[in-house]
Structure formats: structure tokens, C-alpha cells
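The structure appears below as C-alpha cells.
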Amino acid sequence: MEKLFYGRVPIAAAGSLYYFTRNSLLQRIIYQLKYRNHPPTGLWLGRLLGQQLKESKRFQHVTVILPVPLHPRKARQRGYNQSLIIAQGIAEVCGWEILDQVLHRTVFTATQTHRNRENRMLNLQQAFTADSNALGHHRHVLLIDDVITTGATLEACALALQQAASISVSIATVGCTPPR
């Protein structure tokens, strides 16, 4: 997963729990979380991911979790941010603090699901801002999202964070699409 970001944005560590493929069990589970109003699924996935992160030496310097934010309009539609729910499961296992007011999605974008990498990046330009004051003393953050495909969303978040503050960014997701 780290190779996905080479030459795009500096990442300290990156990892994903499972491969995310079409018509897979994970796709059905994530669908339940995002579109069928089932937050307990996100907590469960977060706990599984948290256990792996806790056991990995690559993430030992993380001090805070930042879930990828939803635009307020999307948050109202869904009723919750699935990345925040996953982060809560991770926090239960790892004991890391969650800061969900550092990153802000300022641009409402249509779903990224059917876009290619280039269109995703264009769609996300300037979509995120970061409040460096809200980071406090934290200098190594863990960005959390449900699934990574091209990395465009997480790249945009990492760039916004690194422009706002001198910090290290690591990334973890529940699922990632297999390398081509």
C-alpha cells in the first residue's frame, strides 16, 4: 500500500487489513456499514484493524487517529461517518486519541466509486483543509478510511495535513483494491 503513495506524498507507514474485491464478503460488509445504517459493523472492523496495528512495529509512533471526514451534507445523508466509527474501534484496542475536527472536507464531491485515478484527483483538489491548532502536541497521525482504491482521497488529506503542520502521516484502511 505504501508504494501507492511513492512520489505523491510522504507517508511513514501504510497498511490495509484485507483486499477489497468486487462481489466479495468485504464488499458486502462495507456496503452494510455505509449504506444500510449499521455502525456496529464499523466498530467490529475497527477492532480487527486495531489489533493488527497494535501488533505492528511500523505504527508504534502513532499518537492520534484522524478519520477521513465526510462533507457535512454527506454526513447528514448517512447519519454518521463510517471512518470515524472504524477509528472508534481502533481506539478501543490501541488507546489512541481520536481527533475528528482536524481535517475538514470543504467541497462536496460526487461519489468516487466509478472514477479513475486522474479524475479522482481532479475531483478532490482543494477538497480538504486541516486545522494545525487542533492537532495540539501530536506529530505522528494515523489517517483512517474504509477502503482505498487509487489513494486519491488519502493523498489529498495527507497533503492538507502536511501543508498545515510539520507532522508524520501514516495510513490504515480496512480494505484495499489488489495491485494490478
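Residue names in the C-alpha cells use chain letters A, B, ... in the order shown, residue numbers from 1 in each chain, and ligand numbers from 1 in the order shown.
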Wanna dump the region 32-80 of chain A-region 84-108 of chain A contacts at 10 Å for me, each residue with its shortest atom pair and the distance in Å to one decimal, counting only C-alpha atoms, ordered by chain and number, as CSV?
residue,atom,partner,partner_atom,distance
A:Leu33,CA,A:Ile85,CA,9.4
A:Pro39,CA,A:Ile85,CA,6.5
A:Pro40,CA,A:Ile85,CA,8.1
A:Thr41,CA,A:Ile86,CA,8.5
A:Gly42,CA,A:Ile86,CA,4.8
A:Leu43,CA,A:Gly89,CA,4.4
A:Trp44,CA,A:Gly89,CA,6.4
A:Leu45,CA,A:Ile86,CA,6.3
A:Gly46,CA,A:Gly89,CA,4.0
A:Arg47,CA,A:Gly89,CA,4.5
A:Leu48,CA,A:Ile90,CA,7.7
A:Leu49,CA,A:Ile90,CA,6.4
A:Gly50,CA,A:Ile90,CA,4.1
A:Gln51,CA,A:Val93,CA,6.3
A:Gln52,CA,A:Ile90,CA,9.5
A:Leu53,CA,A:Cys94,CA,7.8
A:Lys54,CA,A:Cys94,CA,5.9
A:Glu55,CA,A:Cys94,CA,9.6
A:Gln60,CA,A:Cys94,CA,9.9
A:Val62,CA,A:Trp96,CA,7.9
A:Thr63,CA,A:Trp96,CA,5.9
A:Val64,CA,A:Glu97,CA,5.0
A:Ile65,CA,A:Ile98,CA,4.7
A:Leu66,CA,A:Leu99,CA,5.5
A:Pro67,CA,A:Leu84,CA,5.2
A:Val68,CA,A:Leu103,CA,7.2
A:Pro69,CA,A:Arg105,CA,5.9
A:Leu70,CA,A:Arg105,CA,6.0
A:His71,CA,A:Arg105,CA,5.0
A:Pro72,CA,A:Arg105,CA,7.8
A:Arg73,CA,A:Phe108,CA,7.4
A:Lys74,CA,A:Phe108,CA,7.8
A:Tyr80,CA,A:Ile85,CA,7.9
Secondary structure check, strand (DSSP E) residues of region 21-165 of chain A, as a ChimeraX atom specification:
/A:64-67,97-98,103-105,128-130,140-148
Residue list (alpha helix (DSSP H), DSSP) for region 60-156 of chain A, as a PyMOL selection string:
chain A and resi 72-78+82-94+117-124+152-156
Using N, CA and C atoms, can you write the selected residues to a file as a short mmCIF file (atom, residue, chain, number, x, y, z; two decimals), in the first residue's frame?
data_model
loop_
_atom_site.label_atom_id
_atom_site.label_comp_id
_atom_site.auth_asym_id
_atom_site.auth_seq_id
_atom_site.Cartn_x
_atom_site.Cartn_y
_atom_site.Cartn_z
N PRO A 72 -20.21 17.85 5.29
CA PRO A 72 -21.38 17.91 6.17
C PRO A 72 -22.68 17.44 5.51
N ARG A 73 -22.83 17.72 4.23
CA ARG A 73 -24.05 17.28 3.53
C ARG A 73 -24.12 15.75 3.47
N LYS A 74 -23.00 15.11 3.17
CA LYS A 74 -22.94 13.65 3.11
C LYS A 74 -23.14 13.05 4.50
N ALA A 75 -22.57 13.70 5.52
CA ALA A 75 -22.73 13.22 6.89
C ALA A 75 -24.20 13.26 7.32
N ARG A 76 -24.90 14.31 6.91
CA ARG A 76 -26.33 14.40 7.22
C ARG A 76 -27.11 13.30 6.52
N GLN A 77 -26.76 13.03 5.26
CA GLN A 77 -27.45 11.99 4.49
C GLN A 77 -27.24 10.61 5.13
N ARG A 78 -25.99 10.30 5.48
CA ARG A 78 -25.66 8.97 6.00
C ARG A 78 -26.00 8.86 7.47
N GLN A 82 -18.50 6.74 8.53
CA GLN A 82 -18.03 5.37 8.69
C GLN A 82 -16.55 5.31 9.10
N SER A 83 -15.73 6.26 8.65
CA SER A 83 -14.32 6.27 9.03
C SER A 83 -14.15 6.58 10.51
N LEU A 84 -15.02 7.45 11.03
CA LEU A 84 -14.99 7.76 12.47
C LEU A 84 -15.39 6.52 13.29
N ILE A 85 -16.36 5.78 12.83
CA ILE A 85 -16.80 4.57 13.54
C ILE A 85 -15.65 3.55 13.56
N ILE A 86 -14.98 3.37 12.43
CA ILE A 86 -13.83 2.47 12.37
C ILE A 86 -12.74 2.95 13.32
N ALA A 87 -12.50 4.26 13.33
CA ALA A 87 -11.49 4.84 14.23
C ALA A 87 -11.83 4.57 15.69
N GLN A 88 -13.10 4.60 16.03
CA GLN A 88 -13.51 4.32 17.41
C GLN A 88 -13.16 2.88 17.80
N GLY A 89 -13.33 1.95 16.87
CA GLY A 89 -12.95 0.56 17.14
C GLY A 89 -11.44 0.43 17.33
N ILE A 90 -10.67 1.14 16.52
CA ILE A 90 -9.21 1.12 16.65
C ILE A 90 -8.80 1.70 18.00
N ALA A 91 -9.41 2.82 18.37
CA ALA A 91 -9.07 3.50 19.63
C ALA A 91 -9.34 2.59 20.83
N GLU A 92 -10.40 1.79 20.78
CA GLU A 92 -10.70 0.86 21.86
C GLU A 92 -9.55 -0.11 22.09
N VAL A 93 -8.93 -0.55 21.00
CA VAL A 93 -7.86 -1.55 21.08
C VAL A 93 -6.51 -0.90 21.37
N CYS A 94 -6.22 0.20 20.71
CA CYS A 94 -4.88 0.80 20.77
C CYS A 94 -4.73 1.89 21.83
N ARG A 117 -8.16 7.16 -11.46
CA ARG A 117 -7.25 7.87 -10.56
C ARG A 117 -7.14 9.35 -10.90
N GLU A 118 -6.96 9.67 -12.17
CA GLU A 118 -6.80 11.07 -12.58
C GLU A 118 -8.06 11.88 -12.27
N ASN A 119 -9.22 11.34 -12.58
CA ASN A 119 -10.47 12.05 -12.31
C ASN A 119 -10.73 12.19 -10.81
N ARG A 120 -10.32 11.18 -10.04
CA ARG A 120 -10.47 11.27 -8.59
C ARG A 120 -9.63 12.42 -8.04
N MET A 121 -8.39 12.53 -8.50
CA MET A 121 -7.52 13.60 -8.02
C MET A 121 -8.08 14.98 -8.42
N LEU A 122 -8.54 15.11 -9.64
CA LEU A 122 -9.14 16.38 -10.07
C LEU A 122 -10.37 16.70 -9.23
N ASN A 123 -11.16 15.69 -8.93
CA ASN A 123 -12.38 15.86 -8.14
C ASN A 123 -12.07 16.31 -6.70
N LEU A 124 -10.88 15.94 -6.21
CA LEU A 124 -10.54 16.20 -4.81
C LEU A 124 -9.60 17.39 -4.60
N ALA A 152 -6.42 8.55 -3.90
CA ALA A 152 -6.63 9.99 -4.13
C ALA A 152 -7.16 10.71 -2.90
N THR A 153 -8.13 10.14 -2.22
CA THR A 153 -8.70 10.79 -1.04
C THR A 153 -7.67 10.90 0.07
N LEU A 154 -6.98 9.81 0.35
CA LEU A 154 -5.99 9.82 1.42
C LEU A 154 -4.80 10.71 1.07
N GLU A 155 -4.43 10.74 -0.19
CA GLU A 155 -3.37 11.65 -0.63
C GLU A 155 -3.77 13.10 -0.39
N ALA A 156 -4.99 13.46 -0.76
CA ALA A 156 -5.46 14.83 -0.57
C ALA A 156 -5.49 15.19 0.92
#
